[in-house]
Structures are given as structure tokens and as C-alpha cells.
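See below for my_file.tsv, which holds TSV, C-alpha atoms.
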```tsv
chain	number	residue	atom	x	y	z
A	1	MET	CA	-61.16	114.29	-21.51
A	2	GLU	CA	-57.91	112.41	-21.56
A	3	LYS	CA	-57.63	108.99	-19.93
A	4	ASN	CA	-54.84	109.95	-17.53
A	5	GLU	CA	-56.69	112.94	-16.16
A	6	PRO	CA	-57.93	112.37	-12.57
A	7	LEU	CA	-61.61	112.37	-11.94
A	8	LEU	CA	-62.74	114.74	-9.26
A	9	ASN	CA	-66.15	115.08	-7.72
A	10	GLU	CA	-67.68	116.57	-4.63
A	11	GLU	CA	-67.17	113.38	-2.55
A	12	THR	CA	-63.39	113.19	-3.06
A	13	PRO	CA	-61.58	114.21	0.20
A	14	THR	CA	-58.96	116.86	0.04
A	15	VAL	CA	-56.05	117.27	2.45
A	16	THR	CA	-55.45	120.80	3.56
A	17	GLN	CA	-52.66	122.31	5.66
A	18	SER	CA	-55.13	122.89	8.50
A	19	SER	CA	-56.29	119.26	8.69
A	20	LYS	CA	-52.69	118.06	8.61
A	21	GLU	CA	-51.85	120.24	11.60
A	22	ASP	CA	-54.92	118.96	13.47
A	23	TRP	CA	-53.86	115.37	12.81
A	24	LEU	CA	-50.32	116.02	14.04
A	25	GLN	CA	-51.67	117.71	17.16
A	26	MET	CA	-53.93	114.74	17.83
A	27	VAL	CA	-50.99	112.33	17.47
A	28	GLU	CA	-48.87	114.46	19.79
A	29	THR	CA	-51.69	114.60	22.37
A	30	SER	CA	-52.03	110.80	22.22
A	31	ARG	CA	-48.31	110.36	22.74
A	32	ALA	CA	-48.39	112.79	25.67
A	33	ARG	CA	-51.18	110.79	27.25
A	34	GLU	CA	-49.22	107.56	26.76
A	35	ARG	CA	-46.16	109.12	28.38
A	36	LEU	CA	-48.30	110.35	31.27
A	37	ILE	CA	-49.83	106.92	31.80
A	38	LEU	CA	-46.41	105.28	31.59
A	39	GLU	CA	-45.00	107.74	34.13
A	40	GLN	CA	-47.92	107.08	36.46
A	41	LEU	CA	-47.38	103.31	36.19
A	42	LEU	CA	-43.68	103.69	36.88
A	43	LEU	CA	-44.35	105.95	39.87
A	44	ALA	CA	-46.94	103.49	41.23
A	45	ASN	CA	-44.49	100.61	40.82
A	46	LEU	CA	-41.75	102.60	42.54
A	47	GLU	CA	-44.08	103.49	45.40
A	48	GLU	CA	-45.07	99.84	45.78
A	49	GLN	CA	-41.41	98.81	45.93
A	50	GLN	CA	-40.78	101.45	48.58
A	51	LYS	CA	-43.72	100.17	50.63
A	52	THR	CA	-42.39	96.62	50.33
A	53	ARG	CA	-38.95	97.72	51.48
A	54	ARG	CA	-40.45	99.62	54.40
A	55	SER	CA	-42.49	96.55	55.39
A	56	LYS	CA	-39.38	94.37	55.26
A	57	ASN	CA	-37.45	96.89	57.31
A	58	TRP	CA	-40.20	97.02	59.93
A	59	PHE	CA	-40.31	93.22	60.02
A	60	ARG	CA	-36.54	93.06	60.49
A	61	PHE	CA	-36.81	95.70	63.21
A	62	PHE	CA	-39.45	93.76	65.13
A	63	VAL	CA	-37.50	90.50	64.80
A	64	ALA	CA	-34.35	92.21	66.08
A	65	ALA	CA	-36.29	93.84	68.92
A	66	TYR	CA	-37.85	90.49	69.86
A	67	LEU	CA	-34.44	88.78	69.92
A	68	LEU	CA	-33.00	91.60	72.03
A	69	PHE	CA	-35.96	91.25	74.40
A	70	LEU	CA	-35.29	87.51	74.79
A	71	ILE	CA	-31.62	88.20	75.46
A	72	TRP	CA	-32.55	90.87	78.00
A	73	ILE	CA	-34.96	88.48	79.74
A	74	ASN	CA	-32.35	85.74	79.97
A	75	ILE	CA	-29.66	88.08	81.26
A	76	PHE	CA	-31.79	89.70	83.94
A	77	GLN	CA	-33.41	86.46	85.08
A	78	ASP	CA	-29.97	85.18	86.07
A	79	ILE	CA	-29.65	88.01	88.60
A	80	ASP	CA	-30.57	87.21	92.17
A	81	TRP	CA	-33.36	89.79	92.42
A	82	PRO	CA	-34.51	88.84	95.94
A	83	THR	CA	-30.98	89.35	97.24
A	84	LEU	CA	-30.72	92.73	95.55
A	85	ALA	CA	-34.20	93.93	96.47
A	86	VAL	CA	-34.48	92.80	100.07
A	87	LYS	CA	-33.25	95.39	102.54
A	88	ARG	CA	-35.15	94.29	105.62
A	89	LYS	CA	-36.36	91.19	107.42
A	90	HIS	CA	-38.76	89.08	105.41
A	91	VAL	CA	-40.57	85.76	105.09
A	92	ALA	CA	-39.18	83.66	102.23
A	93	LEU	CA	-41.71	81.97	99.96
A	94	VAL	CA	-40.91	78.94	97.79
A	95	ASP	CA	-43.53	77.34	95.53
A	96	VAL	CA	-43.94	73.68	94.64
A	97	ARG	CA	-46.37	74.09	91.76
A	98	GLY	CA	-47.54	71.51	89.26
A	99	PRO	CA	-46.19	67.99	88.69
A	100	ILE	CA	-43.12	67.09	90.72
A	101	MET	CA	-41.13	65.87	87.75
A	102	GLU	CA	-37.60	66.32	86.48
A	103	ALA	CA	-37.00	69.52	84.48
A	104	MET	CA	-40.38	70.90	85.61
A	105	PRO	CA	-41.00	73.95	87.86
A	106	GLY	CA	-42.02	71.55	90.64
A	107	GLY	CA	-38.98	69.33	90.14
A	108	ALA	CA	-36.28	68.78	92.73
A	109	ASP	CA	-33.63	71.03	91.16
A	110	MET	CA	-35.85	74.11	91.01
A	111	VAL	CA	-37.43	73.67	94.45
A	112	ILE	CA	-34.17	72.80	96.23
A	113	GLN	CA	-32.38	75.80	94.76
A	114	GLY	CA	-35.18	78.08	95.92
A	115	LEU	CA	-35.13	76.61	99.42
A	116	GLN	CA	-31.36	76.92	99.71
A	117	GLU	CA	-31.40	80.57	98.71
A	118	ALA	CA	-34.31	81.25	101.05
A	119	PHE	CA	-32.58	79.75	104.10
A	120	GLU	CA	-29.18	81.21	103.26
A	121	HIS	CA	-30.40	84.80	103.01
A	122	SER	CA	-29.34	86.79	106.05
A	123	ASP	CA	-32.67	88.62	106.38
A	124	THR	CA	-34.93	85.54	106.27
A	125	GLU	CA	-37.04	85.25	109.43
A	126	GLY	CA	-39.09	82.29	108.26
A	127	VAL	CA	-39.70	80.08	105.22
A	128	ILE	CA	-43.03	79.01	103.74
A	129	LEU	CA	-43.15	76.10	101.31
A	130	ARG	CA	-46.36	76.72	99.34
A	131	ILE	CA	-47.55	73.51	97.66
A	132	ASN	CA	-50.09	73.13	94.88
A	133	SER	CA	-49.25	69.80	93.25
A	134	PRO	CA	-51.01	66.55	92.30
A	135	GLY	CA	-47.81	64.59	92.82
A	136	GLY	CA	-45.30	63.05	90.46
A	137	SER	CA	-41.98	61.23	90.66
A	138	PRO	CA	-41.15	59.53	93.98
A	139	VAL	CA	-37.47	60.18	93.29
A	140	GLN	CA	-37.96	63.94	92.82
A	141	ALA	CA	-40.28	64.16	95.83
A	142	GLY	CA	-37.81	62.18	97.93
A	143	GLN	CA	-34.94	64.50	97.01
A	144	ILE	CA	-36.95	67.54	98.08
A	145	TYR	CA	-37.97	65.76	101.30
A	146	ASP	CA	-34.34	64.99	102.18
A	147	GLU	CA	-33.22	68.56	101.45
A	148	VAL	CA	-36.00	70.00	103.61
A	149	VAL	CA	-34.82	67.81	106.50
A	150	ARG	CA	-31.18	68.83	105.94
A	151	LEU	CA	-31.93	72.56	105.80
A	152	GLN	CA	-33.91	72.42	109.03
A	153	LYS	CA	-30.96	70.84	110.80
A	154	ARG	CA	-28.57	73.41	109.37
A	155	TYR	CA	-30.79	76.43	110.14
A	156	PRO	CA	-32.65	75.45	113.34
A	157	ASP	CA	-33.52	79.07	114.18
A	158	ILE	CA	-35.48	79.67	110.96
A	159	PRO	CA	-39.05	78.30	111.24
A	160	LEU	CA	-40.43	76.39	108.26
A	161	TYR	CA	-44.11	76.00	107.38
A	162	ALA	CA	-46.04	74.33	104.57
A	163	ALA	CA	-49.07	76.07	103.05
A	164	LEU	CA	-51.28	73.77	100.97
A	165	GLU	CA	-53.43	75.29	98.26
A	166	ASP	CA	-55.87	73.65	95.82
A	167	ILE	CA	-54.30	70.20	95.91
A	168	CYS	CA	-51.48	68.57	97.83
A	169	ALA	CA	-51.69	64.94	96.86
A	170	SER	CA	-49.31	62.03	96.49
A	171	GLY	CA	-45.76	63.34	96.00
A	172	GLY	CA	-46.97	66.79	97.00
A	173	TYR	CA	-47.94	65.50	100.43
A	174	TYR	CA	-44.74	63.44	100.61
A	175	VAL	CA	-42.83	66.75	100.40
A	176	ALA	CA	-45.16	68.48	102.87
A	177	SER	CA	-44.72	65.74	105.47
A	178	ALA	CA	-41.07	66.80	105.90
A	179	VAL	CA	-42.20	70.23	107.14
A	180	PRO	CA	-42.80	70.64	110.91
A	181	LYS	CA	-46.10	72.51	110.55
A	182	ILE	CA	-48.62	72.08	107.73
A	183	TYR	CA	-51.57	74.38	107.06
A	184	ALA	CA	-54.25	74.13	104.37
A	185	ASP	CA	-57.49	75.67	103.22
A	186	LYS	CA	-60.63	73.93	104.40
A	187	ALA	CA	-61.37	72.91	100.80
A	188	SER	CA	-57.83	71.84	99.85
A	189	MET	CA	-57.48	68.29	98.51
A	190	VAL	CA	-54.96	66.45	100.70
A	191	GLY	CA	-53.60	62.91	100.79
A	192	SER	CA	-53.58	60.23	98.08
A	193	ILE	CA	-50.78	58.36	99.85
A	194	GLY	CA	-50.13	55.53	97.41
A	195	VAL	CA	-48.10	54.48	94.38
A	196	LEU	CA	-49.31	53.90	90.85
A	197	MET	CA	-47.78	52.23	87.79
A	198	GLN	CA	-49.67	52.88	84.57
A	199	GLY	CA	-49.83	50.72	81.46
A	200	PHE	CA	-52.06	49.35	78.72
A	201	GLY	CA	-52.58	46.01	77.01
A	202	PHE	CA	-53.12	45.74	73.24
A	203	GLN	CA	-52.88	41.97	72.66
A	204	GLN	CA	-56.57	41.45	71.84
A	205	THR	CA	-56.53	44.50	69.59
A	206	LEU	CA	-53.66	43.01	67.59
A	207	ASP	CA	-55.47	39.68	67.37
A	208	LYS	CA	-58.58	41.36	65.96
A	209	LEU	CA	-56.50	43.24	63.43
A	210	GLY	CA	-54.58	40.12	62.42
A	211	MET	CA	-51.29	41.58	63.59
A	212	GLU	CA	-48.49	40.13	65.68
A	213	SER	CA	-45.64	41.56	67.72
A	214	ARG	CA	-42.16	40.56	66.53
A	215	GLN	CA	-40.20	42.18	69.33
A	216	MET	CA	-36.89	40.49	70.12
A	217	THR	CA	-34.92	40.81	73.35
A	218	ALA	CA	-31.72	39.58	74.96
A	219	GLY	CA	-32.72	38.92	78.53
A	220	LYS	CA	-35.86	37.10	79.61
A	221	HIS	CA	-37.52	40.10	81.22
A	222	LYS	CA	-36.13	42.91	79.07
A	223	ALA	CA	-39.59	43.54	77.58
A	224	PHE	CA	-40.98	44.05	81.06
A	225	LEU	CA	-44.81	44.23	80.98
A	226	ASP	CA	-44.85	44.44	77.16
A	227	PRO	CA	-48.33	45.78	76.26
A	228	PHE	CA	-48.42	43.62	73.11
A	229	GLN	CA	-47.93	40.34	74.98
A	230	PRO	CA	-50.06	38.53	77.56
A	231	VAL	CA	-49.42	39.56	81.17
A	232	ASP	CA	-46.61	37.48	82.64
A	233	SER	CA	-47.51	36.48	86.20
A	234	GLY	CA	-43.90	36.63	87.34
A	235	GLN	CA	-43.39	40.12	85.94
A	236	LYS	CA	-46.67	41.28	87.44
A	237	GLN	CA	-45.63	39.97	90.85
A	238	HIS	CA	-42.25	41.69	90.54
A	239	ALA	CA	-43.92	45.00	89.59
A	240	GLN	CA	-46.25	44.73	92.57
A	241	GLY	CA	-43.27	44.17	94.81
A	242	LEU	CA	-41.66	47.35	93.48
A	243	LEU	CA	-44.82	49.33	94.16
A	244	ASN	CA	-45.18	47.90	97.66
A	245	ARG	CA	-41.60	48.79	98.60
A	246	ILE	CA	-41.92	52.34	97.29
A	247	HIS	CA	-45.27	52.67	99.04
A	248	GLU	CA	-43.62	51.60	102.29
A	249	GLN	CA	-40.95	54.28	101.79
A	250	PHE	CA	-43.75	56.84	101.39
A	251	ILE	CA	-45.52	55.63	104.53
A	252	LYS	CA	-42.34	55.74	106.62
A	253	ALA	CA	-41.60	59.27	105.41
A	254	VAL	CA	-45.07	60.45	106.47
A	255	GLU	CA	-44.90	58.66	109.81
A	256	THR	CA	-41.45	60.13	110.48
A	257	GLY	CA	-42.57	63.63	109.59
A	258	ARG	CA	-45.93	63.62	111.31
A	259	GLY	CA	-45.02	61.42	114.27
A	260	GLY	CA	-47.72	61.01	116.88
A	261	ARG	CA	-49.95	63.63	115.26
A	262	LEU	CA	-51.51	61.02	112.97
A	263	LYS	CA	-54.94	60.15	114.35
A	264	ALA	CA	-55.80	57.15	112.20
A	265	GLY	CA	-54.17	53.84	111.30
A	266	ARG	CA	-52.37	52.71	108.16
A	267	ASP	CA	-55.43	51.01	106.74
A	268	GLU	CA	-57.26	54.32	106.62
A	269	LEU	CA	-54.54	56.85	105.86
A	270	PHE	CA	-52.28	55.06	103.42
A	271	GLN	CA	-54.59	53.45	100.88
A	272	GLY	CA	-54.65	56.28	98.33
A	273	LEU	CA	-57.71	58.19	99.54
A	274	ILE	CA	-57.88	61.98	99.44
A	275	TRP	CA	-59.53	64.33	101.93
A	276	THR	CA	-60.45	67.99	102.31
A	277	GLY	CA	-58.17	70.20	104.34
A	278	GLU	CA	-60.80	70.27	107.09
A	279	ASP	CA	-60.90	66.46	107.29
A	280	ALA	CA	-57.10	66.27	107.01
A	281	VAL	CA	-56.85	68.31	110.23
A	282	LYS	CA	-59.02	65.75	112.01
A	283	LEU	CA	-56.86	62.90	110.70
A	284	GLY	CA	-53.63	64.60	111.75
A	285	LEU	CA	-52.33	65.04	108.21
A	286	VAL	CA	-52.59	68.82	108.59
A	287	ASP	CA	-51.98	70.97	111.69
A	288	GLY	CA	-54.52	73.69	110.98
A	289	LEU	CA	-56.28	75.90	108.47
A	290	GLY	CA	-54.53	78.91	107.00
A	291	SER	CA	-52.89	80.38	103.91
A	292	ALA	CA	-49.32	81.50	103.24
A	293	SER	CA	-50.16	85.13	104.02
A	294	TRP	CA	-51.93	84.05	107.23
A	295	ILE	CA	-48.86	82.07	108.33
A	296	ALA	CA	-46.59	85.06	107.67
A	297	ARG	CA	-48.88	87.46	109.51
A	298	GLN	CA	-50.05	85.33	112.45
A	299	LEU	CA	-47.25	82.84	113.09
A	300	ILE	CA	-44.02	84.43	111.85
A	301	LYS	CA	-45.26	87.96	112.64
A	302	ASN	CA	-43.87	89.46	109.45
A	303	GLU	CA	-46.13	90.24	106.50
A	304	HIS	CA	-43.26	91.18	104.20
A	305	MET	CA	-42.87	88.12	101.92
A	306	VAL	CA	-40.21	87.66	99.25
A	307	ASP	CA	-40.62	85.01	96.57
A	308	PHE	CA	-37.53	82.81	96.19
A	309	THR	CA	-39.20	80.43	93.74
A	310	GLN	CA	-36.86	79.74	90.84
A	311	LYS	CA	-38.19	80.82	87.45
A	312	GLU	CA	-37.28	79.26	84.13
A	313	ASP	CA	-36.13	81.57	81.37
A	314	LEU	CA	-38.50	82.22	78.48
A	315	LEU	CA	-36.61	80.16	75.91
A	316	THR	CA	-36.55	77.15	78.22
A	317	ARG	CA	-40.29	77.41	78.83
A	318	ILE	CA	-41.06	77.59	75.11
A	319	THR	CA	-38.77	74.68	74.27
A	320	LYS	CA	-40.05	72.60	77.15
A	321	GLY	CA	-43.67	73.32	76.26
A	322	VAL	CA	-43.15	72.06	72.72
A	323	SER	CA	-41.21	68.97	73.79
A	324	THR	CA	-43.73	68.14	76.53
A	325	SER	CA	-46.62	68.39	74.06
A	326	VAL	CA	-44.81	66.05	71.68
A	327	MET	CA	-44.00	63.54	74.40
A	328	GLN	CA	-47.57	63.55	75.69
A	329	ALA	CA	-48.85	62.88	72.20
A	330	LEU	CA	-46.64	59.80	71.79
A	331	PRO	CA	-47.96	56.47	73.08
A	332	SER	CA	-45.86	54.84	75.79
A	333	ALA	CA	-45.99	51.29	77.03
A	334	GLU	CA	-44.45	52.20	80.40
A	335	LYS	CA	-45.30	55.47	82.13
A	336	GLY	CA	-43.48	54.44	85.30
A	337	TRP	CA	-44.73	54.76	88.84
A	338	GLN	CA	-46.02	57.90	90.46
A	339	TRP	CA	-47.19	58.93	93.89
A	340	ARG	CA	-50.96	58.66	93.70
```

Output the structure of this file as C-alpha cells.
Amino acid sequence: MEKNEPLLNEETPTVTQSSKEDWLQMVETSRARERLILEQLLLANLEEQQKTRRSKNWFRFFVAAYLLFLIWINIFQDIDWPTLAVKRKHVALVDVRGPIMEAMPGGADMVIQGLQEAFEHSDTEGVILRINSPGGSPVQAGQIYDEVVRLQKRYPDIPLYAALEDICASGGYYVASAVPKIYADKASMVGSIGVLMQGFGFQQTLDKLGMESRQMTAGKHKAFLDPFQPVDSGQKQHAQGLLNRIHEQFIKAVETGRGGRLKAGRDELFQGLIWTGEDAVKLGLVDGLGSASWIARQLIKNEHMVDFTQKEDLLTRITKGVSTSVMQALPSAEKGWQWR
């Protein structure tokens, strides 16, 4: 056998036309599967992108709808609905609810506007000032008091009543005392005729922490009642004088409004105590027991009540809620005086 002659045996593989076709078919099948998988991946990716776009579109739709809703609320809240809706004689209702503070629902601007619209309406047969307030600013309460007196003089033929609910204390009662007739529930909390100035002292705390206040002022009393300094006797006396004068204004307002109906002296009525509605009747702070609906039905003889209470728009309420929360969280050396 020659050297260049190939050696063949039974174990040597041989390539036939049939096996070559099988191999090509197998390769083609594999490629088809790869294409199928790739197409499926592309389709899945495309479907995911479509879902994402749909989600974004829905989100944009809801945001746009929400903004349109806010615009709609603000537009329609500016319309004088009571004027449009009322077609017959009615009893006008105005709420003093919550703290009597500036830019609050119980503040002077909101309450006065409601009262003015209530008295000015041609179909108003009577007005009920419904009060549920713990008090607040003496300035705001005084402004409402003065407007109540003015409106009664301008519209002498329209009766005005006050209906006290859960609490009518401090500035709340200051406002009520301007009303000719006051009614409350037997369990209402009434009174708290006094003035309060709040503050805190941190001098000893600073001493324990090894800290000192380096506040500088131009004007001897500019840092009035500074919580980081010892109490100055002159400033304290001045502050007490302020409280006493404002307290006297409160007392005179109540005595002017209630007149001879008060059945107890200054030492009992005007020292900051609070009573139930039932006890307030005995003391002459309240004329009787009854609710707003009872007053409308029994005294004014008209059960049809229309609410003239001014409502804040939604955006204002949200903004105010956030700002109020922030302000309440901040420490303040001077909270000012309040009817309490």
C-alpha cells in the first residue's frame, strides 16, 4: 500500500447527500426559531411602549380634567347662588365657624360679607347668625360686632338672632353680644369673657445649654417680652395694661349689648369663666334655649333657610391649609392677645 493512500476503516464517518440536507434543514429551523423569538421580543417591546404611552395619555387626561374641575369650581363659586336660587321669602343663615382670625372662614371679611348679602336680599325675612367658635382676634371680633350694630340700624324691620352651637367663647361671645336675641343649646359652652397674651421663657434653658442671646435692637423696648431674656418688670406692667384695656372694651361691648338682662356682677361674669347654655340663661348671657332651625320655625315663622355664609374657593383652602400648618409648626415668641 502506498504511503499517500488514505486509510479507511469502519469507524471513519462518511458524509452523504442525505445527511447534508438534514444538517441544512436543522440550521434553517434554528434560524427560523431565532427569527420567531426576535419577532416576539420586538412585539412585546412595542406593546410595552404602547401601554406606557396609553398610561401617560391617561395621566395627562386626568391632570387636565382636574385642572378644569378647579377652574369650574372657582368660576361657579363666584356666582351669587343664594340670589339666583331664592324665589320666595326666606330666613338668611350666616355662620361664624372656627377661630375668628384674619383670612379664616370666621374672620371679619367673610362674616361681614355674608351678613351684608343676607340683609340686602329683598326676600330676607330674618337673619340668624350661627356661632360655633372658641374665639380669636379682638380686632376681627370687634369689626364683626360693629357691622352687626350698623346693619341692625340700617334694616330695623329685619329681625336678627344668634344661635350658639357647641362653643361660643371669648371673641365668639363678643360677636354674639351685639345680637338682640341669643339662643343656645343647653350643653353649649358659653362665656370666657377675658383676654389672654401667650408667651414662653427660655432663659434658663439657654443657661443650661451654655448658650446666650445676642439680639440687638434700636429702641429700649423693641424686643418686647423677649423669651430669651429675663422678664422686664416695666414691660410686664405695660403688657398687663394693654390686656386690661382690651378686657374693658370687651366688658363694655357685652354690657351694651345685653343691657339689664345680665343677672350677675362683673366679678362673676367677666373673669374668663365658661358656662353651659342652661347656666348662661340664668346669668343673662343667653335669652333662651333653641337651635337655628327652631328660631326660624318658632320665632321668624319661616322654615325656609338660605345659607349666605361665604365659602372660600378650593385653591385658597388648599394654600391656606398648607401655610397654616407651616406657621403652626414654627415657634413664636409672641402669639399676641386673644379673647379667652

**Request:** Could you tell me how far CA of Lys181 in chain A lies from CA of Ile128 in chain A, in Å and to one decimal?
**Result:**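 Computing the Euclidean distance for CA of Lys181 in chain A and CA of Ile128 in chain A yields 9.9 Å.
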
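CA of Thr276 in chain A sits 20.6 Å away from CA of Gly259 in chain A.
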
**Request:** Provide the CA of Gly210 in chain A to CA of Gln229 in chain A distance in Å, to one decimal place.
**Result:** 14.2 Å

**Message:** Ranking A:Ala178, A:Leu269, A:Val91, A:Ala103 by minimum distance to Leu299 in chain A and counting all atoms listed in the file, which one comes first?
**Reply:** A:Val91

Can you list every residue of range 89-202 of chain A that has an atom at most 9 Å from range 251-254 of chain A, with its nearest atom pair and the distance in Å to one decimal, using only C-alpha atoms, ordered by chain then number, as JSON lines?
```
{"residue": "A:Gly142", "atom": "CA", "partner": "A:Ala253", "partner_atom": "CA", "distance": 8.9}
{"residue": "A:Tyr145", "atom": "CA", "partner": "A:Ala253", "partner_atom": "CA", "distance": 8.5}
{"residue": "A:Tyr173", "atom": "CA", "partner": "A:Val254", "partner_atom": "CA", "distance": 8.4}
{"residue": "A:Tyr174", "atom": "CA", "partner": "A:Val254", "partner_atom": "CA", "distance": 6.6}
{"residue": "A:Ala176", "atom": "CA", "partner": "A:Val254", "partner_atom": "CA", "distance": 8.8}
{"residue": "A:Ser177", "atom": "CA", "partner": "A:Val254", "partner_atom": "CA", "distance": 5.4}
{"residue": "A:Ala178", "atom": "CA", "partner": "A:Val254", "partner_atom": "CA", "distance": 7.5}
{"residue": "A:Ile193", "atom": "CA", "partner": "A:Ile251", "partner_atom": "CA", "distance": 7.6}
{"residue": "A:Gly194", "atom": "CA", "partner": "A:Ile251", "partner_atom": "CA", "distance": 8.5}
```

Contacts of range 108-154 of chain A with range 184-191 of chain A up to 12 Å, shortest pair per row, all atoms listed in the file, as a tab-separated table:
```
residue	atom	partner	partner_atom	distance
A:Leu129	CA	A:Ala184	CA	11.7
A:Arg130	CA	A:Ala184	CA	9.7
A:Ile131	CA	A:Ala184	CA	9.5
A:Asn132	CA	A:Ser188	CA	9.3
A:Ser133	CA	A:Met189	CA	9.9
A:Pro134	CA	A:Met189	CA	9.1
A:Gly135	CA	A:Gly191	CA	10.0
```

Contacts of range 106-111 of chain A at 10 Å or less, counting only C-alpha atoms, minus same-chain residues fewer than 4 places along, as a PDB file with C-alpha atoms, in the frame of the given file?
```pdb
ATOM      1  CA  VAL A  94     -40.910  78.940  97.790  1.00  0.00           C
ATOM      2  CA  ASP A  95     -43.530  77.340  95.530  1.00  0.00           C
ATOM      3  CA  VAL A  96     -43.940  73.680  94.640  1.00  0.00           C
ATOM      4  CA  ARG A  97     -46.370  74.090  91.760  1.00  0.00           C
ATOM      5  CA  GLY A  98     -47.540  71.510  89.260  1.00  0.00           C
ATOM      6  CA  PRO A  99     -46.190  67.990  88.690  1.00  0.00           C
ATOM      7  CA  ILE A 100     -43.120  67.090  90.720  1.00  0.00           C
ATOM      8  CA  MET A 101     -41.130  65.870  87.750  1.00  0.00           C
ATOM      9  CA  GLU A 102     -37.600  66.320  86.480  1.00  0.00           C
ATOM     10  CA  LEU A 115     -35.130  76.610  99.420  1.00  0.00           C
ATOM     11  CA  GLN A 116     -31.360  76.920  99.710  1.00  0.00           C
ATOM     12  CA  LEU A 129     -43.150  76.100 101.310  1.00  0.00           C
ATOM     13  CA  ILE A 131     -47.550  73.510  97.660  1.00  0.00           C
ATOM     14  CA  ASN A 132     -50.090  73.130  94.880  1.00  0.00           C
ATOM     15  CA  SER A 133     -49.250  69.800  93.250  1.00  0.00           C
ATOM     16  CA  GLY A 135     -47.810  64.590  92.820  1.00  0.00           C
ATOM     17  CA  GLY A 136     -45.300  63.050  90.460  1.00  0.00           C
ATOM     18  CA  SER A 137     -41.980  61.230  90.660  1.00  0.00           C
ATOM     19  CA  VAL A 139     -37.470  60.180  93.290  1.00  0.00           C
ATOM     20  CA  GLN A 140     -37.960  63.940  92.820  1.00  0.00           C
ATOM     21  CA  ALA A 141     -40.280  64.160  95.830  1.00  0.00           C
ATOM     22  CA  GLY A 142     -37.810  62.180  97.930  1.00  0.00           C
ATOM     23  CA  GLN A 143     -34.940  64.500  97.010  1.00  0.00           C
ATOM     24  CA  ILE A 144     -36.950  67.540  98.080  1.00  0.00           C
ATOM     25  CA  TYR A 145     -37.970  65.760 101.300  1.00  0.00           C
ATOM     26  CA  GLU A 147     -33.220  68.560 101.450  1.00  0.00           C
ATOM     27  CA  VAL A 148     -36.000  70.000 103.610  1.00  0.00           C
ATOM     28  CA  GLY A 172     -46.970  66.790  97.000  1.00  0.00           C
ATOM     29  CA  PHE A 308     -37.530  82.810  96.190  1.00  0.00           C
ATOM     30  CA  THR A 309     -39.200  80.430  93.740  1.00  0.00           C
ATOM     31  CA  GLN A 310     -36.860  79.740  90.840  1.00  0.00           C
ATOM     32  CA  LYS A 311     -38.190  80.820  87.450  1.00  0.00           C
ATOM     33  CA  GLU A 312     -37.280  79.260  84.130  1.00  0.00           C
TER      34      GLU A 312
END
```

**Spatial sel., origin (-47.4, 44.2, 74.8), limit 7 Å, only C-alpha atoms, listed as a ChimeraX atom specification** = /A:201-203,225-230

Produce a table with one row for each residue of range 235-311 of chain A that has an atom at most 9 Å from any atom of range 166-171 of chain A, each row naming the nearest atom pair and its distance in Å at one decimal; use only C-alpha atoms; arrange rows by chain and rising residue number; format as a Markdown table.
```
| residue | atom | partner | partner_atom | distance |
| --- | --- | --- | --- | --- |
| A:Phe250 | CA | A:Gly171 | CA | 8.7 |
| A:Gly272 | CA | A:Ser170 | CA | 8.1 |
| A:Ile274 | CA | A:Ala169 | CA | 7.3 |
```

**From A:Asp307, A:Glu39, A:Asp287, A:Glu34, residue lying nearest Leu164 in chain A [only C-alpha atoms]** = A:Asp287

Box for range 129-146 of chain A - axis-aligned, 8 Å on each of the six sides, all listed atoms - centre and size in Å to one decimal, as JSON.
```
{"center_x": -42.7, "center_y": 68.1, "center_z": 96.3, "size_x": 32.7, "size_y": 33.2, "size_z": 27.7}
```

**Request:** Tell me which of A:Ala92, A:Asp207, A:Ala218, A:Thr52 sits closest to Pro159 in chain A, counting only C-alpha atoms.
**Result:** A:Ala92

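With all atoms listed in the file as the atoms that count, the residue of A:Leu209, A:Leu160, A:Ala292, A:Leu285 with the shortest distance to Phe270 in chain A is A:Leu285.
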
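With distances taken over all atoms listed in the file, A:His238 is the one residue among A:His238, A:Arg60, A:Arg261, A:Arg266 lying closest to Phe224 in chain A.
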
**Request:** Considering only C-alpha atoms, state which residue in the set A:Ile182, A:Val281, A:Val195, A:Val27 is at the smallest distance from Leu243 in chain A.
**Result:** A:Val195
